[in-house]
file upload-v7.cif (mmCIF, C-alpha atoms and all ligand atoms)
data_upload
loop_
_atom_site.label_atom_id
_atom_site.label_comp_id
_atom_site.auth_asym_id
_atom_site.auth_seq_id
_atom_site.Cartn_x
_atom_site.Cartn_y
_atom_site.Cartn_z
CA MET A 1 -24.52 9.89 9.30
CA LYS A 2 -27.49 7.75 8.21
CA TYR A 3 -25.24 5.39 6.23
CA PRO A 4 -21.77 5.25 7.79
CA VAL A 5 -19.24 3.65 5.43
CA LEU A 6 -18.95 0.75 7.88
CA ASP A 7 -20.91 0.12 11.09
CA LEU A 8 -19.07 -2.74 12.78
CA GLY A 9 -21.58 -2.91 15.64
CA ALA A 10 -24.34 -3.58 13.10
CA VAL A 11 -22.14 -6.06 11.20
CA ASN A 12 -21.50 -8.15 14.32
CA ALA A 13 -24.89 -7.75 16.04
CA PRO A 14 -26.60 -10.82 14.49
CA LEU A 15 -23.65 -13.02 15.54
CA MET A 16 -23.21 -11.60 19.04
CA PRO A 17 -25.03 -14.37 20.98
CA ALA A 18 -22.76 -17.00 19.40
CA ILE A 19 -19.66 -14.79 19.75
CA SER A 20 -20.36 -14.08 23.43
CA ALA A 21 -20.91 -17.76 24.19
CA ALA A 22 -17.66 -18.67 22.41
CA ILE A 23 -15.70 -16.02 24.35
CA ASP A 24 -17.24 -17.22 27.65
CA GLU A 25 -15.99 -20.72 26.94
CA VAL A 26 -12.45 -19.48 26.44
CA VAL A 27 -12.56 -17.38 29.60
CA GLN A 28 -13.75 -20.39 31.60
CA SER A 29 -11.18 -22.72 30.00
CA GLY A 30 -8.27 -20.87 31.61
CA ARG A 31 -6.21 -21.23 28.39
CA TYR A 32 -5.48 -17.78 26.94
CA VAL A 33 -2.63 -18.33 24.45
CA GLY A 34 -2.62 -21.18 21.91
CA GLY A 35 -4.55 -24.36 22.68
CA PRO A 36 -7.50 -26.25 21.19
CA VAL A 37 -9.61 -23.25 20.13
CA VAL A 38 -6.74 -21.84 18.07
CA GLU A 39 -6.10 -25.30 16.58
CA ALA A 40 -9.78 -25.74 15.70
CA PHE A 41 -9.82 -22.36 13.93
CA GLU A 42 -6.64 -23.23 12.03
CA GLU A 43 -8.22 -26.46 10.80
CA GLU A 44 -11.43 -24.72 9.78
CA LEU A 45 -9.55 -21.98 7.92
CA ALA A 46 -7.42 -24.55 6.07
CA ALA A 47 -10.57 -26.47 5.09
CA ALA A 48 -12.34 -23.30 3.91
CA THR A 49 -9.27 -22.33 1.86
CA GLY A 50 -8.44 -25.71 0.38
CA THR A 51 -4.94 -25.90 1.90
CA PRO A 52 -3.63 -28.74 4.09
CA ARG A 53 -2.83 -26.45 7.02
CA ALA A 54 -3.04 -22.95 8.45
CA VAL A 55 -1.19 -21.17 11.24
CA GLY A 56 -2.93 -18.44 13.24
CA VAL A 57 -0.84 -15.32 13.87
CA SER A 58 -1.20 -11.87 15.39
CA ASN A 59 -2.31 -9.84 12.33
CA GLY A 60 -2.04 -9.59 8.54
CA LEU A 61 1.19 -7.62 8.42
CA ASP A 62 2.86 -10.13 10.75
CA ALA A 63 1.53 -12.99 8.60
CA MET A 64 3.37 -11.54 5.58
CA ARG A 65 6.49 -10.63 7.58
CA LEU A 66 6.68 -14.17 8.97
CA ILE A 67 6.32 -15.70 5.49
CA PHE A 68 9.23 -13.67 4.09
CA LYS A 69 11.39 -14.21 7.20
CA ALA A 70 10.65 -17.93 7.07
CA TYR A 71 11.70 -18.12 3.41
CA ILE A 72 14.96 -16.40 4.39
CA GLU A 73 15.52 -18.83 7.30
CA LEU A 74 14.83 -21.74 4.92
CA GLY A 75 17.32 -20.38 2.38
CA ARG A 76 14.64 -19.90 -0.27
CA LEU A 77 15.11 -16.09 -0.29
CA SER A 78 18.11 -13.95 0.60
CA PRO A 79 18.25 -10.37 1.85
CA GLY A 80 18.48 -8.06 -1.15
CA ASP A 81 16.30 -10.25 -3.39
CA ALA A 82 13.63 -8.39 -5.32
CA VAL A 83 9.90 -9.03 -4.89
CA ILE A 84 7.35 -7.90 -7.47
CA VAL A 85 4.37 -6.19 -5.78
CA PRO A 86 1.44 -4.13 -7.08
CA ALA A 87 2.16 -0.40 -6.82
CA ASN A 88 -1.53 0.12 -5.95
CA THR A 89 -1.80 -1.57 -2.56
CA TYR A 90 -2.01 -0.89 1.13
CA VAL A 91 1.39 0.06 2.52
CA ALA A 92 1.53 -3.15 4.62
CA SER A 93 2.37 -5.16 1.49
CA PHE A 94 5.52 -3.04 1.02
CA LEU A 95 6.34 -3.02 4.75
CA ALA A 96 6.46 -6.83 4.89
CA ILE A 97 8.93 -6.91 1.99
CA THR A 98 11.27 -4.21 3.26
CA ASP A 99 11.10 -5.47 6.86
CA ALA A 100 12.64 -8.74 5.66
CA GLY A 101 15.47 -6.88 3.89
CA LEU A 102 13.93 -7.58 0.47
CA ARG A 103 13.39 -5.03 -2.29
CA PRO A 104 9.90 -4.17 -3.63
CA VAL A 105 9.55 -3.88 -7.42
CA PRO A 106 6.24 -2.05 -7.92
CA VAL A 107 4.10 -2.95 -10.95
CA GLU A 108 1.29 -0.69 -12.18
CA PRO A 109 -2.37 -1.72 -11.84
CA ASP A 110 -4.86 -2.34 -14.60
CA ALA A 111 -7.15 0.71 -14.57
CA VAL A 112 -10.25 -1.50 -14.90
CA THR A 113 -9.63 -4.35 -12.42
CA LEU A 114 -7.56 -2.03 -10.16
CA ASN A 115 -5.34 -5.06 -9.46
CA MET A 116 -1.74 -5.54 -10.64
CA ASP A 117 -1.57 -5.58 -14.46
CA THR A 118 -0.25 -9.06 -15.09
CA THR A 119 0.64 -8.18 -18.71
CA LEU A 120 3.46 -6.00 -17.29
CA LEU A 121 5.13 -8.79 -15.29
CA GLU A 122 7.62 -9.93 -17.90
CA ALA A 123 8.90 -6.36 -18.43
CA ALA A 124 9.39 -6.01 -14.66
CA TYR A 125 11.47 -9.19 -14.44
CA THR A 126 15.20 -9.08 -13.70
CA PRO A 127 17.37 -11.94 -12.42
CA ASP A 128 17.14 -10.36 -8.91
CA VAL A 129 13.41 -11.06 -8.79
CA LYS A 130 12.80 -14.16 -6.67
CA ALA A 131 9.17 -13.75 -5.59
CA VAL A 132 5.84 -12.10 -6.39
CA LEU A 133 3.53 -10.73 -3.71
CA THR A 134 0.11 -10.65 -5.35
CA VAL A 135 -2.56 -8.57 -3.61
CA HIS A 136 -6.25 -9.40 -4.07
CA LEU A 137 -7.40 -5.81 -3.74
CA TYR A 138 -10.96 -4.92 -2.69
CA GLY A 139 -11.94 -8.62 -2.69
CA ARG A 140 -11.07 -9.32 -6.33
CA ALA A 141 -8.47 -12.06 -6.80
CA CYS A 142 -5.33 -11.11 -8.71
CA TYR A 143 -4.45 -14.51 -10.17
CA ASP A 144 -4.68 -15.40 -13.84
CA ALA A 145 -2.88 -17.54 -16.41
CA ALA A 146 -0.32 -14.76 -17.06
CA LEU A 147 0.69 -14.61 -13.38
CA ARG A 148 0.67 -18.40 -12.96
CA ASP A 149 2.83 -18.90 -16.06
CA PHE A 150 5.21 -16.06 -15.14
CA VAL A 151 5.85 -17.56 -11.70
CA GLY A 152 6.38 -21.01 -13.19
CA ARG A 153 8.63 -19.81 -16.04
CA HIS A 154 11.05 -18.06 -13.69
CA ASN A 155 10.69 -20.49 -10.77
CA LEU A 156 9.55 -17.73 -8.40
CA LEU A 157 7.84 -17.92 -5.02
CA LEU A 158 4.26 -16.64 -5.14
CA VAL A 159 2.95 -15.12 -1.91
CA GLU A 160 -0.66 -13.92 -1.62
CA ASP A 161 -1.70 -10.88 0.39
CA ASN A 162 -5.19 -12.21 1.05
CA ALA A 163 -6.17 -9.60 3.64
CA GLN A 164 -9.13 -8.44 1.54
CA ALA A 165 -10.33 -11.49 -0.39
CA ILE A 166 -11.12 -14.45 1.87
CA GLY A 167 -13.54 -16.69 -0.06
CA ALA A 168 -12.79 -15.18 -3.48
CA ASP A 169 -11.70 -17.17 -6.54
CA GLY A 170 -9.02 -16.39 -9.11
CA ASP A 171 -9.49 -16.57 -12.89
CA VAL A 172 -7.78 -19.97 -13.11
CA ALA A 173 -7.02 -22.79 -10.68
CA GLY A 174 -3.64 -22.80 -8.95
CA PRO A 175 -1.27 -25.72 -8.37
CA LEU A 176 -3.51 -27.22 -5.64
CA GLY A 177 -6.34 -27.55 -8.15
CA THR A 178 -8.54 -24.84 -6.61
CA ALA A 179 -8.98 -21.21 -7.64
CA ARG A 180 -9.72 -20.10 -4.06
CA THR A 181 -7.55 -17.25 -2.75
CA GLY A 182 -5.17 -18.43 -0.04
CA ALA A 183 -4.50 -21.63 -2.01
CA LEU A 184 -3.08 -20.08 -5.20
CA GLY A 185 0.56 -19.44 -4.32
CA HIS A 186 3.27 -21.00 -2.18
CA ALA A 187 1.96 -19.20 0.92
CA ALA A 188 -0.80 -16.74 1.75
CA ALA A 189 -1.31 -14.13 4.45
CA PHE A 190 -4.76 -13.41 5.90
CA SER A 191 -5.83 -10.44 8.01
CA PHE A 192 -8.79 -10.57 10.38
CA TYR A 193 -8.61 -6.89 11.28
CA PRO A 194 -12.13 -5.90 12.42
CA THR A 195 -13.06 -4.21 9.11
CA LYS A 196 -12.16 -7.22 6.93
CA ASN A 197 -14.88 -9.55 5.61
CA VAL A 198 -14.00 -12.00 8.40
CA GLY A 199 -13.16 -9.57 11.20
CA ALA A 200 -12.06 -10.34 14.74
CA LEU A 201 -12.75 -8.12 17.75
CA GLY A 202 -9.16 -6.91 17.61
CA ASP A 203 -6.06 -7.81 15.60
CA ALA A 204 -5.64 -11.31 14.15
CA GLY A 205 -4.18 -13.01 11.09
CA ALA A 206 -3.14 -16.34 9.61
CA VAL A 207 -0.84 -18.03 7.11
CA THR A 208 -1.97 -20.82 4.80
CA SER A 209 0.28 -23.04 2.69
CA ALA A 210 0.74 -26.55 1.39
CA ASP A 211 4.42 -26.36 2.38
CA THR A 212 4.97 -28.00 5.77
CA ASP A 213 8.51 -26.64 6.15
CA LEU A 214 7.29 -23.10 5.55
CA LEU A 215 4.42 -23.40 8.04
CA ASP A 216 6.64 -24.99 10.67
CA ALA A 217 9.11 -22.13 10.27
CA VAL A 218 6.29 -19.55 10.47
CA ARG A 219 4.91 -21.13 13.62
CA ALA A 220 8.34 -21.28 15.26
CA LEU A 221 9.22 -17.70 14.26
CA ALA A 222 5.88 -16.54 15.72
CA ASN A 223 6.79 -18.26 18.99
CA TYR A 224 10.20 -16.68 19.82
CA GLY A 225 11.82 -18.89 17.18
CA SER A 226 11.09 -21.96 19.24
CA ARG A 227 9.36 -25.28 18.56
CA GLU A 228 10.15 -26.77 21.92
CA ARG A 229 10.20 -24.69 25.07
CA TYR A 230 13.59 -23.14 25.86
CA ASN A 231 15.04 -24.43 22.61
CA ASN A 232 15.42 -21.59 20.08
CA ILE A 233 16.24 -22.41 16.49
CA TYR A 234 15.54 -18.90 15.12
CA LYS A 235 15.83 -15.36 16.46
CA GLY A 236 12.04 -15.11 16.49
CA TYR A 237 9.12 -12.96 17.56
CA ASN A 238 5.93 -13.20 19.56
CA CYS A 239 3.20 -13.09 16.87
CA ARG A 240 0.67 -15.67 18.06
CA LEU A 241 -3.10 -15.76 17.61
CA ASP A 242 -4.95 -15.84 20.93
CA PRO A 243 -7.92 -18.14 21.64
CA VAL A 244 -10.36 -15.31 22.41
CA GLN A 245 -9.92 -13.99 18.85
CA ALA A 246 -9.85 -17.55 17.46
CA ALA A 247 -13.21 -18.24 19.16
CA VAL A 248 -14.70 -15.11 17.56
CA LEU A 249 -13.20 -16.05 14.20
CA ARG A 250 -14.71 -19.54 14.27
CA VAL A 251 -18.15 -17.94 14.45
CA LYS A 252 -17.32 -15.39 11.74
CA LEU A 253 -15.76 -17.97 9.42
CA ALA A 254 -18.87 -20.17 9.66
CA ALA A 255 -20.88 -17.11 8.58
CA LEU A 256 -18.57 -16.33 5.62
CA PRO A 257 -20.84 -17.84 2.91
CA ALA A 258 -23.71 -15.63 4.12
CA ILE A 259 -21.40 -12.59 4.45
CA THR A 260 -20.12 -13.07 0.90
CA ALA A 261 -23.62 -13.63 -0.51
CA ALA A 262 -24.88 -10.41 1.11
CA ARG A 263 -21.93 -8.40 -0.24
CA ARG A 264 -22.45 -9.80 -3.74
CA ARG A 265 -26.14 -8.97 -3.53
CA ASN A 266 -25.28 -5.40 -2.46
CA ALA A 267 -22.69 -4.99 -5.23
CA ALA A 268 -25.23 -6.19 -7.79
CA ALA A 269 -27.78 -3.73 -6.40
CA TYR A 270 -25.32 -0.82 -6.82
CA GLN A 271 -24.36 -2.00 -10.28
CA ALA A 272 -28.01 -2.03 -11.39
CA ALA A 273 -28.97 1.26 -9.71
CA ILE A 274 -26.02 3.66 -10.09
CA ASP A 275 -26.48 5.64 -13.28
CA ASN A 276 -24.44 8.86 -13.34
CA GLU A 277 -21.88 9.63 -16.01
CA ALA A 278 -19.66 11.36 -13.43
CA VAL A 279 -19.32 8.08 -11.50
CA THR A 280 -17.37 5.11 -12.90
CA LYS A 281 -18.57 1.81 -11.43
CA PRO A 282 -16.23 -1.12 -10.75
CA LEU A 283 -15.82 -4.01 -13.17
CA MET A 284 -18.63 -6.56 -12.74
CA THR A 285 -17.34 -9.57 -14.70
CA ALA A 286 -17.25 -12.76 -12.68
CA PRO A 287 -19.43 -11.39 -9.88
CA ASP A 288 -19.41 -14.85 -8.31
CA ARG A 289 -15.63 -14.73 -7.85
CA CYS A 290 -15.26 -11.31 -6.20
CA VAL A 291 -16.13 -10.98 -2.48
CA TRP A 292 -16.48 -7.17 -2.51
CA HIS A 293 -14.38 -6.20 0.49
CA GLN A 294 -14.83 -2.69 -0.90
CA TYR A 295 -17.14 -1.32 -3.59
CA VAL A 296 -14.92 1.29 -5.22
CA VAL A 297 -16.16 3.88 -7.72
CA ARG A 298 -14.07 6.54 -9.44
CA VAL A 299 -14.86 10.25 -9.78
CA SER A 300 -12.75 13.12 -11.05
CA ASP A 301 -13.62 15.59 -8.26
CA ARG A 302 -13.43 13.34 -5.24
CA ALA A 303 -13.59 16.01 -2.54
CA MET A 304 -16.79 17.45 -4.03
CA PHE A 305 -18.35 13.99 -4.41
CA ARG A 306 -17.52 12.95 -0.85
CA ASN A 307 -18.78 16.26 0.58
CA TYR A 308 -22.03 15.88 -1.36
CA LEU A 309 -22.54 12.34 -0.10
CA ALA A 310 -21.68 13.30 3.50
CA ALA A 311 -24.18 16.18 3.33
CA ASN A 312 -26.77 13.59 2.27
CA GLY A 313 -25.95 11.15 5.07
CA VAL A 314 -23.69 8.75 3.17
CA GLY A 315 -20.24 7.99 4.58
CA THR A 316 -17.35 7.10 2.26
CA ASP A 317 -13.69 6.23 2.58
CA VAL A 318 -10.61 6.24 0.33
CA HIS A 319 -8.49 3.10 -0.17
CA TYR A 320 -5.90 4.53 -0.56
CA PRO A 321 -5.14 8.24 -0.97
CA VAL A 322 -1.32 7.93 -0.84
CA PRO A 323 0.35 4.99 -2.62
CA PRO A 324 3.36 3.35 -0.91
CA HIS A 325 5.91 4.93 -3.29
CA ARG A 326 4.63 8.37 -2.28
CA GLN A 327 4.92 7.73 1.47
CA LYS A 328 7.56 9.60 3.44
CA CYS A 329 9.00 6.30 4.70
CA TYR A 330 9.68 5.22 1.09
CA ALA A 331 11.48 8.39 -0.02
CA GLU A 332 13.82 6.18 -2.06
CA TYR A 333 10.87 5.45 -4.39
CA SER A 334 9.58 9.02 -4.64
CA ALA A 335 11.11 9.58 -8.09
CA LEU A 336 9.20 6.61 -9.56
CA ARG A 337 6.56 7.53 -12.14
CA LEU A 338 3.53 5.29 -11.66
CA PRO A 339 0.79 7.27 -13.42
CA VAL A 340 -2.01 4.67 -13.20
CA THR A 341 -1.40 4.16 -9.48
CA GLU A 342 -1.33 7.91 -8.91
CA LEU A 343 -4.51 8.45 -10.94
CA LEU A 344 -6.32 5.79 -8.90
CA ALA A 345 -5.07 7.28 -5.63
CA ASP A 346 -6.62 10.61 -6.68
CA THR A 347 -9.98 9.28 -7.91
CA VAL A 348 -11.11 6.18 -5.96
CA VAL A 349 -13.97 6.30 -3.44
CA SER A 350 -15.23 3.37 -1.33
CA LEU A 351 -19.02 3.28 -0.79
CA PRO A 352 -20.86 1.47 2.05
CA ILE A 353 -21.17 -2.22 1.05
CA SER A 354 -21.25 -4.26 4.28
CA GLU A 355 -23.59 -7.18 4.90
CA ALA A 356 -25.44 -5.04 7.46
CA LEU A 357 -26.97 -3.04 4.56
CA THR A 358 -30.06 -4.18 2.67
CA PRO A 359 -30.56 -3.88 -1.10
CA ALA A 360 -33.27 -1.27 -0.37
CA GLN A 361 -30.70 0.83 1.49
CA ILE A 362 -28.21 0.36 -1.36
CA GLY A 363 -31.00 1.60 -3.66
CA GLU A 364 -31.45 4.71 -1.54
CA ILE A 365 -27.70 5.44 -1.53
CA SER A 366 -27.68 4.90 -5.32
CA ARG A 367 -30.49 7.43 -5.82
CA ILE A 368 -28.47 9.99 -3.85
CA ILE A 369 -25.44 9.20 -6.05
CA ASN A 370 -27.55 9.55 -9.21
CA SER A 371 -28.53 13.09 -8.19
CA TYR A 372 -24.88 14.17 -7.87
CA ARG A 373 -23.95 16.93 -10.34
CA PRO A 374 -20.28 17.93 -10.38
C1 LIG A 401 -5.55 -4.94 6.16
C2 LIG A 401 -4.48 -5.20 5.18
C3 LIG A 401 -3.22 -5.61 5.57
C4 LIG A 401 -2.75 -5.63 6.99
O1 LIG A 401 -3.46 -6.44 7.84
P1 LIG A 401 -3.41 -6.15 9.41
O2 LIG A 401 -4.11 -7.30 10.02
O3 LIG A 401 -4.12 -4.85 9.62
O4 LIG A 401 -1.97 -6.08 9.80
C5 LIG A 401 -2.31 -5.96 4.58
N1 LIG A 401 -2.61 -5.86 3.29
C6 LIG A 401 -3.82 -5.45 2.86
C7 LIG A 401 -4.10 -5.39 1.40
C8 LIG A 401 -4.79 -5.09 3.79
O5 LIG A 401 -5.98 -4.66 3.37
#

call {"tool": "encode", "arguments": {"input": "upload-v7.cif", "output": "structure tokens", "more": "lines below"}}
Ligand SMILES: *Cc1c(COP(=O)(O)O)cnc(C)c1O
result
Amino acid sequence: MKYPVLDLGAVNAPLMPAISAAIDEVVQSGRYVGGPVVEAFEEELAAATGTPRAVGVSNGLDAMRLIFKAYIELGRLSPGDAVIVPANTYVASFLAITDAGLRPVPVEPDAVTLNMDTTLLEAAYTPDVKAVLTVHLYGRACYDAALRDFVGRHNLLLVEDNAQAIGADGDVAGPLGTARTGALGHAAAFSFYPTKNVGALGDAGAVTSADTDLLDAVRALANYGSRERYNNIYKGYNCRLDPVQAAVLRVKLAALPAITAARRRNAAAYQAAIDNEAVTKPLMTAPDRCVWHQYVVRVSDRAMFRNYLAANGVGTDVHYPVPPHRQKCYAEYSALRLPVTELLADTVVSLPISEALTPAQIGEISRIINSYRP
């Protein structure tokens, strides 16, 4: 494949000297769980996000699980409470809700932004709803005046699934006065899975918040439920971030402005070059707010399109072919009719967009796309 959908070796190659040096330091330090490197990364992530603090954890799913469990421990949520969530999301968003004994209430996406349609929130509200999990899908923030006002009107908790949109900005500022994702709700979960815009060399995640009680509970839950050794206040877990990944992430986080700029440049190159009526391009408003974790087009005959591109050396992926309510593990939701979600699941295609690609290469991929005839 001349253009794999994502070549992580090529993505990380320019940073490898700094990454290797940072890993060496950790190896020589003799400190392999917690410690100053993890703390330094937490401070840098909080500063980049515009929140007072951050807590490093094991991965993005655990970050969300710990947030919901912490709210239950703090008495802010109770098992059985309902949580509004976009129907069009990665299954991890649902898993975090159900793992905590909470009930997902799926809301359809807007067919243009592909994010949760915030005009449908009021109709989805019942007195059982106590929280919203907003998902900033594909790097586009899902936070606008409608969502902000809805959360305020009903006094709900707002949790962000920020696995895909580190560095993005919402349509309006949140309560902390910034529009940056990760600082828009009461708490936010980050994933640093290797394919994310800030990717570790393994699993990693974080929680940001302005709520000290919440972060203290998350940190304790991630450490066997303990703040002090051999003193357990919660029935907790082991979900800590390790310093080898934190050292890698410090290098990657420092490169985030350049990573985002390259992805925006590539998205703009696609937007200017793709010209094929069989291919629907993503929405391009506010290009300076989206961080383009994925560049997702829509086609009616996806298998044919993907086969054509593969035959011409262009790799693609599908995020996501099976929505959560159609998964076997969520059989209780299988009768739900979510036609926009299902249409997107059948028609979306992710093109190569990473910072390792040049605009000239994006131009070449676009010319191949423009010659596609269904
Ligand atoms: C990647 C991802 C997650 C899960 O993160 P992990 O670190 O892989 O556990 C959750 N939600 C969304 C939207 C994601 O893209």

call {"tool": "residues_near_ligand", "arguments": {"input": "upload-v7.cif", "ligand": "ligand LIG 401 (chain A)", "cutoff": "7 Å", "atoms": "only C-alpha atoms and all ligand atoms", "output": "number ranges by chain"}}
result
A: 59-62, 89-90, 92-93, 135, 137, 161-164, 191-193, 203-205

call {"tool": "closest_residue", "arguments": {"input": "upload-v7.cif", "among": "A:Tyr237, A:Phe150, A:Tyr71, A:Phe305", "to": "A:Tyr125", "atoms": "all atoms listed in the file"}}
result
A:Phe150

call {"tool": "residues_around", "arguments": {"input": "upload-v7.cif", "residues": "A:Arg65", "least_positions_apart": "6", "cutoff": "7 Å", "atoms": "all atoms listed in the file", "output": "MDAnalysis selection string"}}
result
chainID A and resid 96 99:100

call {"tool": "closest_residue", "arguments": {"input": "upload-v7.cif", "among": "A:Ala272, A:Leu338, A:Leu157, A:Ala54", "to": "A:Val107", "atoms": "only C-alpha atoms"}}
result
A:Leu338

call {"tool": "closest_residue", "arguments": {"input": "upload-v7.cif", "among": "A:Val348, A:Leu283, A:Val291, A:Leu357", "to": "A:Val318", "atoms": "all atoms listed in the file"}}
result
A:Val348

call {"tool": "atom_distance", "arguments": {"input": "upload-v7.cif", "atom1": "atom CA of A:Thr134", "atom2": "atom CA of A:Pro175"}}
result
15.4 Å

call {"tool": "build_atoms", "arguments": {"input": "upload-v7.cif", "residues": "stretch 295-302 of chain A", "atoms": "all heavy atoms", "output": "PDB file, in the coordinates of the input"}}
result
ATOM      1  N   TYR A 295     -16.501  -1.652  -2.314  1.00  0.00           N
ATOM      2  CA  TYR A 295     -17.140  -1.320  -3.590  1.00  0.00           C
ATOM      3  C   TYR A 295     -16.611   0.056  -3.954  1.00  0.00           C
ATOM      4  O   TYR A 295     -16.962   1.059  -3.324  1.00  0.00           O
ATOM      5  CB  TYR A 295     -18.663  -1.314  -3.462  1.00  0.00           C
ATOM      6  CG  TYR A 295     -19.362  -1.070  -4.778  1.00  0.00           C
ATOM      7  CD1 TYR A 295     -19.707  -2.140  -5.611  1.00  0.00           C
ATOM      8  CD2 TYR A 295     -19.660   0.225  -5.203  1.00  0.00           C
ATOM      9  CE1 TYR A 295     -20.331  -1.914  -6.820  1.00  0.00           C
ATOM     10  CE2 TYR A 295     -20.285   0.454  -6.415  1.00  0.00           C
ATOM     11  CZ  TYR A 295     -20.619  -0.620  -7.222  1.00  0.00           C
ATOM     12  OH  TYR A 295     -21.241  -0.396  -8.430  1.00  0.00           O
ATOM     13  N   VAL A 296     -15.710   0.089  -4.945  1.00  0.00           N
ATOM     14  CA  VAL A 296     -14.920   1.290  -5.220  1.00  0.00           C
ATOM     15  C   VAL A 296     -15.329   1.906  -6.546  1.00  0.00           C
ATOM     16  O   VAL A 296     -15.198   1.270  -7.599  1.00  0.00           O
ATOM     17  CB  VAL A 296     -13.413   0.944  -5.220  1.00  0.00           C
ATOM     18  CG1 VAL A 296     -12.570   2.153  -5.613  1.00  0.00           C
ATOM     19  CG2 VAL A 296     -13.005   0.447  -3.833  1.00  0.00           C
ATOM     20  N   VAL A 297     -15.854   3.131  -6.499  1.00  0.00           N
ATOM     21  CA  VAL A 297     -16.160   3.880  -7.720  1.00  0.00           C
ATOM     22  C   VAL A 297     -15.065   4.912  -7.944  1.00  0.00           C
ATOM     23  O   VAL A 297     -14.240   5.157  -7.059  1.00  0.00           O
ATOM     24  CB  VAL A 297     -17.536   4.579  -7.637  1.00  0.00           C
ATOM     25  CG1 VAL A 297     -18.648   3.552  -7.460  1.00  0.00           C
ATOM     26  CG2 VAL A 297     -17.561   5.621  -6.523  1.00  0.00           C
ATOM     27  N   ARG A 298     -15.052   5.494  -9.150  1.00  0.00           N
ATOM     28  CA  ARG A 298     -14.070   6.540  -9.440  1.00  0.00           C
ATOM     29  C   ARG A 298     -14.785   7.795  -9.904  1.00  0.00           C
ATOM     30  O   ARG A 298     -15.738   7.726 -10.676  1.00  0.00           O
ATOM     31  CB  ARG A 298     -13.072   6.039 -10.485  1.00  0.00           C
ATOM     32  CG  ARG A 298     -12.186   4.932  -9.897  1.00  0.00           C
ATOM     33  CD  ARG A 298     -11.194   4.439 -10.902  1.00  0.00           C
ATOM     34  NE  ARG A 298     -10.498   5.567 -11.482  1.00  0.00           N
ATOM     35  CZ  ARG A 298      -9.972   5.561 -12.704  1.00  0.00           C
ATOM     36  NH1 ARG A 298     -10.063   4.484 -13.453  1.00  0.00           N
ATOM     37  NH2 ARG A 298      -9.352   6.627 -13.164  1.00  0.00           N
ATOM     38  N   VAL A 299     -14.314   8.941  -9.395  1.00  0.00           N
ATOM     39  CA  VAL A 299     -14.860  10.250  -9.780  1.00  0.00           C
ATOM     40  C   VAL A 299     -13.696  11.204  -9.976  1.00  0.00           C
ATOM     41  O   VAL A 299     -12.639  11.033  -9.372  1.00  0.00           O
ATOM     42  CB  VAL A 299     -15.787  10.823  -8.676  1.00  0.00           C
ATOM     43  CG1 VAL A 299     -17.077  10.013  -8.559  1.00  0.00           C
ATOM     44  CG2 VAL A 299     -15.079  10.888  -7.338  1.00  0.00           C
ATOM     45  N   SER A 300     -13.891  12.220 -10.821  1.00  0.00           N
ATOM     46  CA  SER A 300     -12.750  13.120 -11.050  1.00  0.00           C
ATOM     47  C   SER A 300     -12.627  14.161  -9.943  1.00  0.00           C
ATOM     48  O   SER A 300     -11.512  14.513  -9.576  1.00  0.00           O
ATOM     49  CB  SER A 300     -12.823  13.763 -12.432  1.00  0.00           C
ATOM     50  OG  SER A 300     -14.095  14.288 -12.645  1.00  0.00           O
ATOM     51  N   ASP A 301     -13.752  14.640  -9.384  1.00  0.00           N
ATOM     52  CA  ASP A 301     -13.620  15.590  -8.260  1.00  0.00           C
ATOM     53  C   ASP A 301     -14.047  14.904  -6.972  1.00  0.00           C
ATOM     54  O   ASP A 301     -15.194  14.984  -6.540  1.00  0.00           O
ATOM     55  CB  ASP A 301     -14.469  16.852  -8.524  1.00  0.00           C
ATOM     56  CG  ASP A 301     -14.083  17.973  -7.567  1.00  0.00           C
ATOM     57  OD1 ASP A 301     -13.573  17.667  -6.465  1.00  0.00           O
ATOM     58  OD2 ASP A 301     -14.281  19.139  -7.913  1.00  0.00           O
ATOM     59  N   ARG A 302     -13.090  14.200  -6.382  1.00  0.00           N
ATOM     60  CA  ARG A 302     -13.430  13.340  -5.240  1.00  0.00           C
ATOM     61  C   ARG A 302     -13.886  14.139  -4.026  1.00  0.00           C
ATOM     62  O   ARG A 302     -14.833  13.738  -3.348  1.00  0.00           O
ATOM     63  CB  ARG A 302     -12.225  12.471  -4.882  1.00  0.00           C
ATOM     64  CG  ARG A 302     -12.532  11.545  -3.710  1.00  0.00           C
ATOM     65  CD  ARG A 302     -11.485  10.489  -3.558  1.00  0.00           C
ATOM     66  NE  ARG A 302     -10.182  11.048  -3.246  1.00  0.00           N
ATOM     67  CZ  ARG A 302      -9.033  10.382  -3.411  1.00  0.00           C
ATOM     68  NH1 ARG A 302      -9.052   9.155  -3.900  1.00  0.00           N
ATOM     69  NH2 ARG A 302      -7.893  10.940  -3.100  1.00  0.00           N
TER      70      ARG A 302
END
